[in-house]
Amino acid sequence: MTKLIAANDAIFHQKRCRTLPIRSTVTTIPSYPTKLTIFLTNASRFWQVRCFFDGKVVIRSLRTTHKRDALFLARRFYDTELVRRGVTIESASSSTSVSRTHSINFVATLMLQDENARVERGEVVKHFHTMLCSRVRRHILPFFEKVPVEHIDYPQINRFFNFLSTQHLKTPTIYQYLMTLRKILNTALAYNWIVQVPQFPKIKKISTARGGFTVSEYLQLLRCAKQLRKIKEPKKKPTHRNTQGGIYTATEAVPFEMAWLIGFMVNSFVRPVDIKLIQHKHVEVIRGEYCYLRMTLPETKKHTGQIITLPAAVHIYESLSKYFSQKGLASEEDYLFLPQILDRGAAMVLMDMYFKKILIKTELRNGSQQQRRSLYSLRHSAITFRLLYGHGIDLLTLARNARTSLEMVDKFYASELRAEMNVGMLHSRR
């Protein structure tokens, strides 16, 4: 059927602008002024937020295609704008339906802004702020959405604690959620919106060491890494998954240097976070009465001390340098492991993935206490081996060289030692 078009349609029925809101998508935010809305347009796939401030309409893209996320981001946008413009919830409530009390969302936004400022100052890592945002958004805001900060007391917190226990979360994770909630309440206390922070339920923190490897397991890992690096992968048709040199392509093989990485960590006491940052300029080969590497690494976990390796690390480093010098990747500024990947966060993810593949292949993924092993378990092994096989090892020297504390060595690294392991020392005589 042919659609009839009136002669004046071109004048009185002009096509709507692509940036105008799609009427069916305009949504108000519950418990917030009706002037705050989110909507979609034909010009973008992302949700937009719109609100009236100081005599003009402010529109921002929320950079999300999910409505649930858009509702959350719209609340954060509104609270942030109030803070930026020096408007408090009390003054805003005089002309809107907002309560004179402070919402958990508003106070959490202030807390996250303070924590983000700490990230900018270099006091904490960005990952810490990301995890805070995740905890606030995932459980804290939904649970306390209808409860003003002034009304949060011990019974409310205890109910939240019991709720978290039903979400199949481990004890350390529940503890982190409670600490995040405490940060929000401390922010409210700093602004004098509450008289004191309520009491929190006591939770017993259970710390489980990551678990190291025995000598035979360590040799298994080395053999497996050397076998997997020999696998020849069939050539695949290039796709969007492997257009960047195959970095993001899942393969059966592991990089050639993974065997060296395993040996290097066990003979140098370094953390995984150190591994991703080590460059050739940080390493100095020392030959004399003792042969070792002297490593002056960037600060990690607030430790800046030098690390002295075992002699085996010298051979590993020289083999690694010779291998990558043939590829032009052994200059002072090049990284020791996966030097072709300049994004060191991505390099760390890949090293974790490759080591996990080796653990699964050798069936060593779980430790003696069924804890999940990771690259960190190699550092655990390095310190444990020194405690077991180092003659008269001084714990303070070991802790300083491993850039940790005596308390951590005793609590975690020495936790799996048994008396029978050093029976010779126990039976020794002066």
# chains A, B, ... in the order shown; residues from 1 in each chain; ligands from 1
>>> select_by_dssp(residues="stretch 142-342 of chain A", states="strand (DSSP E)", output="PyMOL selection string")
chain A and resi 283-286+292-295+307-308
>>> write_last_selection(atoms="C-alpha atoms", output="PDB file, in the first residue's frame")
ATOM      1  CA  VAL A 283      70.270  -5.165  37.479  1.00  0.00           C
ATOM      2  CA  GLU A 284      74.027  -5.284  38.169  1.00  0.00           C
ATOM      3  CA  VAL A 285      76.114  -8.474  37.987  1.00  0.00           C
ATOM      4  CA  ILE A 286      78.577  -8.750  40.884  1.00  0.00           C
ATOM      5  CA  TYR A 292      75.129 -12.568  42.547  1.00  0.00           C
ATOM      6  CA  LEU A 293      72.856  -9.919  41.068  1.00  0.00           C
ATOM      7  CA  ARG A 294      72.380  -6.619  42.854  1.00  0.00           C
ATOM      8  CA  MET A 295      68.943  -5.268  41.966  1.00  0.00           C
ATOM      9  CA  ILE A 307      67.750  -7.190  46.584  1.00  0.00           C
ATOM     10  CA  ILE A 308      70.691  -9.619  46.466  1.00  0.00           C
TER      11      ILE A 308
END
>>> select_by_dssp(residues="stretch 224-425 of chain A", states="helix (DSSP H, G or I)", output="number ranges by chain")
A: 224-228, 258-266, 272-275, 280-282, 311-325, 344-362, 376-389, 395-401, 406-413, 419-425
>>> write_last_selection(atoms="C-alpha atoms", output="mmCIF file, in the first residue's frame")
data_model
loop_
_atom_site.group_PDB
_atom_site.id
_atom_site.type_symbol
_atom_site.label_atom_id
_atom_site.label_comp_id
_atom_site.auth_asym_id
_atom_site.auth_seq_id
_atom_site.Cartn_x
_atom_site.Cartn_y
_atom_site.Cartn_z
ATOM 1 C CA CYS A 224 56.731 -28.280 32.040
ATOM 2 C CA ALA A 225 57.590 -24.687 31.052
ATOM 3 C CA LYS A 226 60.396 -25.938 28.805
ATOM 4 C CA GLN A 227 58.093 -28.507 27.185
ATOM 5 C CA LEU A 228 55.268 -26.022 26.539
ATOM 6 C CA MET A 258 58.641 -18.493 31.221
ATOM 7 C CA ALA A 259 61.079 -21.159 32.445
ATOM 8 C CA TRP A 260 63.591 -18.400 33.185
ATOM 9 C CA LEU A 261 60.916 -16.371 34.966
ATOM 10 C CA ILE A 262 60.130 -19.301 37.291
ATOM 11 C CA GLY A 263 63.804 -19.863 38.097
ATOM 12 C CA PHE A 264 64.500 -16.150 38.479
ATOM 13 C CA MET A 265 61.711 -15.602 41.028
ATOM 14 C CA VAL A 266 62.759 -18.599 43.141
ATOM 15 C CA PRO A 272 55.239 -10.481 40.845
ATOM 16 C CA VAL A 273 54.744 -6.704 40.921
ATOM 17 C CA ASP A 274 58.548 -6.384 40.799
ATOM 18 C CA ILE A 275 58.791 -8.787 37.866
ATOM 19 C CA HIS A 280 68.084 -4.146 32.646
ATOM 20 C CA LYS A 281 69.178 -0.829 34.182
ATOM 21 C CA HIS A 282 67.986 -2.099 37.571
ATOM 22 C CA PRO A 311 74.118 -17.397 42.293
ATOM 23 C CA ALA A 312 71.676 -19.314 40.040
ATOM 24 C CA ALA A 313 69.956 -16.031 39.140
ATOM 25 C CA VAL A 314 73.173 -14.782 37.479
ATOM 26 C CA HIS A 315 73.142 -17.624 34.938
ATOM 27 C CA ILE A 316 69.421 -17.123 34.309
ATOM 28 C CA TYR A 317 69.898 -13.389 33.747
ATOM 29 C CA GLU A 318 72.810 -13.872 31.354
ATOM 30 C CA SER A 319 70.865 -16.464 29.333
ATOM 31 C CA LEU A 320 67.876 -14.127 29.225
ATOM 32 C CA SER A 321 70.012 -11.170 28.106
ATOM 33 C CA LYS A 322 71.713 -13.198 25.376
ATOM 34 C CA TYR A 323 68.360 -14.452 24.072
ATOM 35 C CA PHE A 324 66.739 -11.015 23.860
ATOM 36 C CA SER A 325 69.865 -9.224 22.601
ATOM 37 C CA ARG A 344 53.131 -3.651 31.788
ATOM 38 C CA GLY A 345 49.668 -4.198 33.220
ATOM 39 C CA ALA A 346 48.840 -6.335 30.173
ATOM 40 C CA ALA A 347 52.214 -8.075 30.464
ATOM 41 C CA MET A 348 51.449 -9.000 34.083
ATOM 42 C CA VAL A 349 48.068 -10.443 33.085
ATOM 43 C CA LEU A 350 49.750 -12.575 30.428
ATOM 44 C CA MET A 351 52.452 -13.831 32.789
ATOM 45 C CA ASP A 352 49.749 -14.835 35.279
ATOM 46 C CA MET A 353 47.825 -16.590 32.509
ATOM 47 C CA TYR A 354 50.875 -18.511 31.254
ATOM 48 C CA PHE A 355 51.874 -19.586 34.758
ATOM 49 C CA LYS A 356 48.330 -20.731 35.475
ATOM 50 C CA LYS A 357 48.530 -22.859 32.328
ATOM 51 C CA ILE A 358 51.732 -24.457 33.643
ATOM 52 C CA LEU A 359 50.135 -25.088 37.052
ATOM 53 C CA ILE A 360 47.130 -26.784 35.460
ATOM 54 C CA LYS A 361 49.353 -28.880 33.201
ATOM 55 C CA THR A 362 51.390 -30.104 36.188
ATOM 56 C CA TYR A 376 53.303 -15.177 44.262
ATOM 57 C CA SER A 377 53.819 -18.794 45.332
ATOM 58 C CA LEU A 378 57.254 -18.664 43.678
ATOM 59 C CA ARG A 379 58.301 -15.882 46.061
ATOM 60 C CA HIS A 380 56.870 -17.967 48.902
ATOM 61 C CA SER A 381 59.066 -20.856 47.720
ATOM 62 C CA ALA A 382 62.177 -18.656 47.510
ATOM 63 C CA ILE A 383 61.898 -17.559 51.148
ATOM 64 C CA THR A 384 60.874 -21.018 52.387
ATOM 65 C CA PHE A 385 63.859 -22.669 50.648
ATOM 66 C CA ARG A 386 66.228 -20.239 52.405
ATOM 67 C CA LEU A 387 64.622 -21.036 55.757
ATOM 68 C CA LEU A 388 64.993 -24.756 55.059
ATOM 69 C CA TYR A 389 68.361 -24.976 53.348
ATOM 70 C CA LEU A 395 65.779 -13.866 59.662
ATOM 71 C CA LEU A 396 66.243 -10.094 59.773
ATOM 72 C CA THR A 397 68.693 -10.201 56.857
ATOM 73 C CA LEU A 398 66.347 -12.461 54.907
ATOM 74 C CA ALA A 399 63.362 -10.189 55.577
ATOM 75 C CA ARG A 400 65.275 -7.042 54.576
ATOM 76 C CA ASN A 401 66.588 -8.654 51.381
ATOM 77 C CA LEU A 406 59.997 -10.262 60.261
ATOM 78 C CA GLU A 407 56.324 -10.482 61.180
ATOM 79 C CA MET A 408 55.348 -11.352 57.605
ATOM 80 C CA VAL A 409 58.103 -13.969 57.333
ATOM 81 C CA ASP A 410 56.940 -15.644 60.544
ATOM 82 C CA LYS A 411 53.200 -15.331 59.818
ATOM 83 C CA PHE A 412 53.112 -16.414 56.182
ATOM 84 C CA TYR A 413 56.370 -17.708 54.724
ATOM 85 C CA ALA A 419 59.994 -29.257 63.111
ATOM 86 C CA GLU A 420 61.019 -32.423 61.271
ATOM 87 C CA MET A 421 62.144 -30.397 58.273
ATOM 88 C CA ASN A 422 65.120 -29.127 60.310
ATOM 89 C CA VAL A 423 65.649 -32.140 62.531
ATOM 90 C CA GLY A 424 69.427 -31.870 62.023
ATOM 91 C CA MET A 425 69.483 -28.373 63.476
#
>>> closest_residue(among="A:Ile341, A:Ala70, A:Leu297, A:Leu20", to="A:Ala43", atoms="only C-alpha atoms")
A:Leu20
>>> atom_distance(atom1="atom CA of A:Arg84", atom2="atom CA of A:Phe143")
26.6 Å
